[in-house]
Each structure stands twice: as C-alpha cells, then as structure tokens.
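Q: Right, I'll just put the structure down here and ask away after.
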Amino acid sequence: MNTPSQTEDQSSLIADAVMQKAESAAAAFRKVSALKKAAFLDAIAVEIELLGKTLISCANRETHLPDDRLLSERSRTTAQLRAFAECIREGSWVEASIDTAIPDRMPTPKPDLRKMLVPLGPVVVFGAANFPFAYSTAGGDTASALAAGCPVVVKAHPEHADTSELVSGAIHRAAKKTEMPPYVFQHVRGTGFELGQALVMHPHTRAVGFTGSFAGGKALFDLAQKREKPIPVFAEMGSVNPVCMLPEAMAMQWESFAAQYLGSVTSGMGQFCTKPGLQIGFDNADLEKYMGALGKAITGTKPAVMLNPGIAANFYKRRTESLAQKGVQLEAKTGFESGEREGTPSLASVSAEHFLNEPALHTEVFGPWSLIIRCRDKEEMLSVIGKLEGQLTATLLGTDRDLEENPEIVEAMCRLAGRIIINGVPTGVEVCPSMVHGGSFPATTDSRFTAVGLSAIKRFVRPVCLQNFPKHLLPEALQDENPGKILRMVNGEFKR
Ligand code: NAP
C-alpha cells in the first residue's frame, strides 16, 4: 500500500478532522474505569499476537530486520502493554493524596484538599524507524498515553507504514471488543513533514511523544513552543553512549570486553539508539590489545541491509565526515564487500586532543560504527567527558579498585546520562519500573522523564487539586475518609 503524500492544506484538513475526533473521545475516555482501560491494553496485546506471522513478515519486508529480532521486539511490546495494564489496575500511579478539612483550625479553617494525576488530553505519537513495534504504533508512548487515559493519534512512520496499519487494526479491534469510546485511538499515514507538523500545531493536541532523530525531535519541539498555547514534546533522540574504560579492568579483561562490545556495536547493524558510539580509554598497550581484538572481530563481521535508504545514506555521510576529521584513523572495517543499502561495520580511533577540537566527532553516527578516544591521562579523560552533551546511557568498565581510585570520572559519567552502566553494554533496554530511558538534552527534550518503564505514564498527566468537593463528585481514588497518601487498587477497589 502506498502512503499518500499531502499538501499543506490537505494536511491541515486531515489533522483537524482527526484531532476533533480525538478531543471528542477525551472526555469519555477520562471516565472509563481503570479496570476497563486495563482490559483494553491487555486486549491490544492479544490482538497483536493474533496477527502472528502476517505481522512479522510485513515488518521484515519493510525494515529488513530479521524474524528473531522482530519476534523478541513483539514480545517486548506486548509485555509492555500488559505491564501498563497491571500498573493501572494496581492504581498507585495516580498519586492520590488526601488532606481532610480542619474546620476549627485557628486562626483560619483548613479546607478539604485532595490531589491526584489526571490525563492531559489527546497525545500525538511519532514512532522511530528502527523499532517498528516497541517504539511505534503500539509502543511505549501509545501504551503509556492510553494507560494515563489520553486518546492517541499515531502518525505512521512511512518506512514501516503497512506494519503500522496492521498494528493499528489490532488496536481498533481491541477497542471495539472492550467497548472503548470511539476515536480513542487513530492512525494517520502520510509522507513529508506537513501532516506531522499540522498534528503538533493543532489546538486539541495536548502532548507529543516522539522517538527518532535529533533533527526531527528538535524541529517538532521548536514548533510546539511556537503554538499559541505551547505543549510538552517528549522527544527521545540520538545519543553517542560513551563508554569509559578504566585501566585495571582493561588490563584484566580486554579480551572479554572486545567480545562483548563487538555485539553491542554491530548487532542490528548498529541501528540502536543505545549503541556505544564512543569508547574512551588510556593510550596504552592494553587499549591496543583491545582495539586489535575488537578490530579483528569487526573484520569478520558481515554487512547487512540497513533499515531504509535514508538511514543507509546518512550512515555513509556521517562515517565519511568522521573519517575526514583531523587525526581520525580507521582501525578496522568488515572484510566483506558491502552491497547496496548495506552498512559497513567500522572501528576508528582518534587522540583525545583531536577529539576535543572536532565537534563533528561528538555526535551520533547511526549504524555499525564506533570511535575509540585515546587519552594520555586522567585529566584528558575528564576533559573528553566534560565535552560531551546529555546522553541516554554512560558506561564504566572498571574493577572495584578502578572505581575507587577514579571518583571524578565516575561522578562525571553519572552526571551525563539517564542510565549509568557498570561493566556491561548499553544496548538492551529492559522494560521494568526502574528503567530510565531518558537523559539531558540533546538525548531528550525533558530529562525529568523516561520513555521506557512504568513511569513513562507521568509524561501524559498533570496534578489536579480538588478543594471542598462533596464525596459524590470526587473520583474514586480520592473518596477515602482519612488523610494520607498513595492508595492502591485491590480487586477493583482503592485501598490504603
Ligand atoms: P526520524 O527521521 O526523526 O523520523 C521519526 C518520525 O518523525 C517520522 O515519522 C518522521 O516523519 C517524523 N519527522 C522527522 N522529522 C520531522 C519534521 N521535521 N517534521 C515533522 N515530522 C518529522 O528518525 P528515524 O529515521 O525514525 O530513526 C532514526 C533515529 O532515531 C536515530 O538517530 C536513532 O538514534 C533515533 N532513535 C532514538 C531512540 C531513542 O529512544 N532515543 C530510539 C530509536 C531511534 P516522516 O518520515 O514522514 O518524514
């Protein structure tokens, strides 16, 4: 199916029709009980599973991602939907807080005050090319917005628009089976930026969830700030995910680190936002051994087709640009010929001195590429870390002694990112309550939130205080007679 291309006027008309419907759904969806919303999310997971092989084949045809990767991404997506269903069934996420009245307080009586989180309203979601399920139509943004009680409009990613259409069908069937209000979920297709921009600018849009490139996320963020009424844009963008390699660990484990990092740099042709793009080490014999082992393994790694022609072209543009910077040496590349649209797994190195002077090396090369920075000493390593902008992840490879002897490095790395990893790889984002997939700008547009894990729901709600409300007008979560905080839902009833 071809994705239609719209003019600016057509885009405005489509956006208006869709957002009017989303707004009409918002009031009704707010009143749907937590148990019914949870049943809706569970039903979406089931409907996605029922698509079986059809979905996997379609996604494989559109993205070239292998079936096993797509199957595991589908499991992650359905598990995420079920986790949000469980979260809203349990209920404490609304942060209900009750301060009962003290009418005889002196010198002034205290009113009855009750607070909880409520949905923002219609949310527009943009998915990323590299995760056709988990960061797309029924991915984390959609699951968390629906869980919060916000109607969702998904702007389909044109590079997996048919996959997106199939998942959208599953969501529509789930909505019908669980008797959700009409237009609680809508799916729009289009090429060109006009439709997405018109959706962001529409007055009924209350928030945006975006996963993708820095250019895309920043453009939509800036646009939203120009609205008469600005709205939050939660954009998860690119990251270079620095890895700091400390001396004792490198001396003891260079070989096993090289094996681990081969997978992290090259699996999925490096098309992960958490791929380690910069590795910072001390310029010594152990680093040479590490680079030799990783380089040898990269030489033996076969190229594979990248997600789409645009991403492949951008990879080669950024790779060429990086190799052209002063002092950059190509340490290794695949020993196989790369075909059309295939990536070329590559490892390069540069001295810290050159790195510090070349801003082009500080940003993401999306694909199978990693740059090793050779530092003379700790001061240089700290200068390199100090030059880096906000990141999704920061990794430290170090023994206990390394970590004890280098507290400034540990601290500098901890300040950089939303998730700090010790002796592991940054790729592989676990979906669980403690996950933070976020970080300071430019990794995201709002470091206070995460796009993965249950607290992702907090992006699409706002706190509301109800003062002196009679019991029959209070939402269920705020109907308790006693002062206090945090109620939990047990068997469909709010309990302390
Ligand atoms: P992308 O090119 O930014 O596209 C993402 C979506 O945003 C598409 O639907 C695209 O629409 C839309 N879009 C982009 N620029 C726009 C603009 N100026 N105005 C309106 N809409 C715009 O990114 P991608 O190709 O999907 O993914 C590759 C990038 O995503 C990589 O850099 C990777 O690091 C990043 N990524 C980040 C994360 C994370 O969690 N931070 C996860 C996965 C990927 P059209 O295609 O219709 O133009």
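Letters A, B, ... mark the chains of the structure tokens in the order given; residue numbers begin at 1 per chain; ligand numbers begin at 1, in order shown.
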Name the residues in contact with range 397-402 of chain A at a cut-off of 7 Å, using only C-alpha atoms, excluding same-chain residues fewer than 4 positions from it; report them as JSON, numbers by chain.

A: {"A": [244, 245, 246, 247, 248, 249, 406, 422, 423]}

Q: Would you mind exporting the chosen residues as a short mmCIF file (atom, residue, chain, number, x, y, z; two decimals), in the first residue's frame, restricted to N, CA and C atoms?

A:
```cif
data_model
loop_
_atom_site.label_atom_id
_atom_site.label_comp_id
_atom_site.auth_asym_id
_atom_site.auth_seq_id
_atom_site.Cartn_x
_atom_site.Cartn_y
_atom_site.Cartn_z
N CYS A 244 33.54 4.49 29.24
CA CYS A 244 34.83 4.86 29.81
C CYS A 244 35.55 3.61 30.26
N MET A 245 36.74 3.39 29.73
CA MET A 245 37.43 2.13 30.00
C MET A 245 38.59 2.38 30.97
N LEU A 246 38.46 1.89 32.21
CA LEU A 246 39.44 2.20 33.25
C LEU A 246 40.57 1.15 33.25
N PRO A 247 41.78 1.56 33.76
CA PRO A 247 42.99 0.79 33.44
C PRO A 247 43.06 -0.64 33.97
N GLU A 248 42.69 -0.86 35.24
CA GLU A 248 42.87 -2.23 35.76
C GLU A 248 41.93 -3.20 35.04
N ALA A 249 40.71 -2.74 34.81
CA ALA A 249 39.74 -3.61 34.12
C ALA A 249 40.24 -3.93 32.72
N ASN A 406 39.08 6.41 40.90
CA ASN A 406 38.72 7.44 39.91
C ASN A 406 37.34 8.04 40.18
N ILE A 422 27.61 -0.20 34.82
CA ILE A 422 28.97 -0.61 35.21
C ILE A 422 29.22 -2.01 34.68
N ASN A 423 30.33 -2.15 33.95
CA ASN A 423 30.78 -3.44 33.40
C ASN A 423 29.69 -4.19 32.62
#
```

Q: Among range 47-274 of chain A, which residues carry a DSSP assignment of helix (DSSP H, G or I), reported as an MDAnalysis selection string?

A: chainID A and resid 47:50 52:63 67:90 92:94 140:148 158:177 194:201 214:225 247:270

Q: Within 9 Å of Pro158 in chain A, counting only C-alpha atoms, which residues qualify if same-chain residues fewer than 5 places away don't, as number ranges by chain?

A: A: 3, 129, 164, 189-192

Q: Using only C-alpha atoms and all ligand atoms, what are the residues with an atom within 8 Å of ligand 1, set out as a ChimeraX atom specification?

A: /A:126-131,135,155-159,190-197,210-220,235-239,271-274,310-311,364-366,392,437-438,443-444,451

Q: If you measure from CA of Ala412 in chain A to CA of Thr266 in chain A, what distance in Å do you get, rounded to one decimal?

A: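 One can read the CA of Ala412 in chain A to CA of Thr266 in chain A distance as 27.0 Å.
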
Q: Which residues are near Leu199 in chain A? Cut-off 12 Å, only C-alpha atoms, ignore same chain within fewer than 6 positions. Put them as a count of residues only.

A: 36

Q: Can you work out the spacing between CA of Ala360 in chain A and CA of Gln325 in chain A in Å, to one decimal?

A: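 Straight-line distance from CA of Ala360 in chain A to CA of Gln325 in chain A works out to 7.8 Å.
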
Q: Please compute the CA of Ala456 in chain A-CA of Leu81 in chain A distance, one decimal, in Å.

A: 12.2 Å

Q: Would you kindly return, as a JSON list (two decimals) with N, CA, C and O atoms, in the first residue's frame, each protein, DNA or RNA residue with an atom no farther than 10 Å from any atom of Glu179 in chain A, considering only C-alpha atoms and excluding same-chain residues fewer than 5 positions away?

A:
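selection10.json was written with the following content:
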```json
[["chain", "number", "residue", "atom", "x", "y", "z"],
["A", 32, "VAL", "N", -13.69, 6.34, 31.73],
["A", 32, "VAL", "CA", -13.61, 4.87, 31.68],
["A", 32, "VAL", "C", -12.84, 4.39, 32.92],
["A", 32, "VAL", "O", -11.81, 4.96, 33.28],
["A", 36, "LYS", "N", -11.41, -1.23, 33.13],
["A", 36, "LYS", "CA", -11.77, -1.34, 31.72],
["A", 36, "LYS", "C", -10.61, -0.90, 30.82],
["A", 36, "LYS", "O", -10.35, -1.49, 29.78],
["A", 37, "LYS", "N", -9.91, 0.15, 31.25],
["A", 37, "LYS", "CA", -8.74, 0.60, 30.47],
["A", 37, "LYS", "C", -7.67, -0.51, 30.45],
["A", 37, "LYS", "O", -7.05, -0.76, 29.42],
["A", 39, "ALA", "N", -8.21, -3.66, 30.70],
["A", 39, "ALA", "CA", -8.67, -4.74, 29.81],
["A", 39, "ALA", "C", -8.40, -4.37, 28.35],
["A", 39, "ALA", "O", -8.05, -5.23, 27.53],
["A", 40, "PHE", "N", -8.54, -3.09, 28.03],
["A", 40, "PHE", "CA", -8.25, -2.61, 26.67],
["A", 40, "PHE", "C", -6.77, -2.86, 26.33],
["A", 40, "PHE", "O", -6.43, -3.41, 25.27],
["A", 173, "ARG", "N", -9.51, -3.25, 16.89],
["A", 173, "ARG", "CA", -10.32, -4.43, 17.28],
["A", 173, "ARG", "C", -10.40, -4.54, 18.81],
["A", 173, "ARG", "O", -11.45, -4.82, 19.37],
["A", 174, "ALA", "N", -9.26, -4.29, 19.47],
["A", 174, "ALA", "CA", -9.25, -4.36, 20.94],
["A", 174, "ALA", "C", -10.18, -3.30, 21.53],
["A", 174, "ALA", "O", -10.91, -3.57, 22.50]]
```

Q: Which residues are close to Phe84 in chain A, i.e. within 9 Å by only C-alpha atoms, leaving aside same-chain residues fewer than 2 positions away? Reply as a list of chain:residue names.

A: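 Once the adjacent positions are removed, what remains is A:Ala38, A:Leu41, A:Asp42, A:Ala79, A:Gln80, A:Leu81, A:Arg82, A:Glu86, A:Cys87, A:Ile88, A:Arg89, A:Ala143, A:Ser144, A:Ala147, A:Gly453, A:Leu454, A:Ile457.
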
Q: For Ala134 in chain A, which residue out of A:Val431, A:Ala304, A:Ala285, A:Ile231 is the nearest one, using only C-alpha atoms?

A: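 Using only C-alpha atoms, Ala134 in chain A sits closest to A:Val431.
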
Q: Can you tell me, as number ranges by chain, what residues are no more than 7 Å from range 338-341 of chain A when counting only C-alpha atoms, ignoring any on the same chain fewer than 4 positions away?

A: A: 303, 305-306, 309, 312

Q: Can you spit out the residues from that selection as a PDB file, in the first residue's frame, using N, CA, C and O atoms?

A:
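Once everything was written out, this is result.pdb:
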```
ATOM      1  N   PRO A 303      28.431  -7.467   6.502  1.00  0.00           N
ATOM      2  CA  PRO A 303      27.498  -6.336   6.392  1.00  0.00           C
ATOM      3  C   PRO A 303      26.070  -6.856   6.254  1.00  0.00           C
ATOM      4  O   PRO A 303      25.874  -8.000   5.866  1.00  0.00           O
ATOM      5  N   VAL A 305      21.778  -5.420   5.333  1.00  0.00           N
ATOM      6  CA  VAL A 305      20.970  -4.310   4.815  1.00  0.00           C
ATOM      7  C   VAL A 305      20.498  -3.432   5.972  1.00  0.00           C
ATOM      8  O   VAL A 305      20.036  -3.940   6.987  1.00  0.00           O
ATOM      9  N   MET A 306      20.620  -2.120   5.784  1.00  0.00           N
ATOM     10  CA  MET A 306      20.168  -1.201   6.841  1.00  0.00           C
ATOM     11  C   MET A 306      18.658  -0.961   6.699  1.00  0.00           C
ATOM     12  O   MET A 306      18.030  -1.431   5.755  1.00  0.00           O
ATOM     13  N   PRO A 309      16.803   3.326   2.825  1.00  0.00           N
ATOM     14  CA  PRO A 309      17.851   4.011   2.051  1.00  0.00           C
ATOM     15  C   PRO A 309      18.321   5.307   2.723  1.00  0.00           C
ATOM     16  O   PRO A 309      19.505   5.631   2.676  1.00  0.00           O
ATOM     17  N   ALA A 312      20.726   4.419   5.525  1.00  0.00           N
ATOM     18  CA  ALA A 312      21.992   3.942   4.956  1.00  0.00           C
ATOM     19  C   ALA A 312      22.799   5.136   4.417  1.00  0.00           C
ATOM     20  O   ALA A 312      24.005   5.259   4.681  1.00  0.00           O
TER      21      ALA A 312
END
```

Q: Just list the residues in range 6-109 of chain A DSSP gives strand (DSSP E or B) on the backbone, as a list in words.

A: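 Secondary structure check on range 6-109 of chain A, strand (DSSP E or B): Ser97, Ile98, Asp99 and Ile102 of chain A.
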
Q: For Glu430 in chain A, which residue out of A:Glu380, A:Glu95, A:Glu73, A:Glu331 is the nearest one, using only C-alpha atoms?

A: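 Ranked by minimum distance to Glu430 in chain A, first place goes to A:Glu73.
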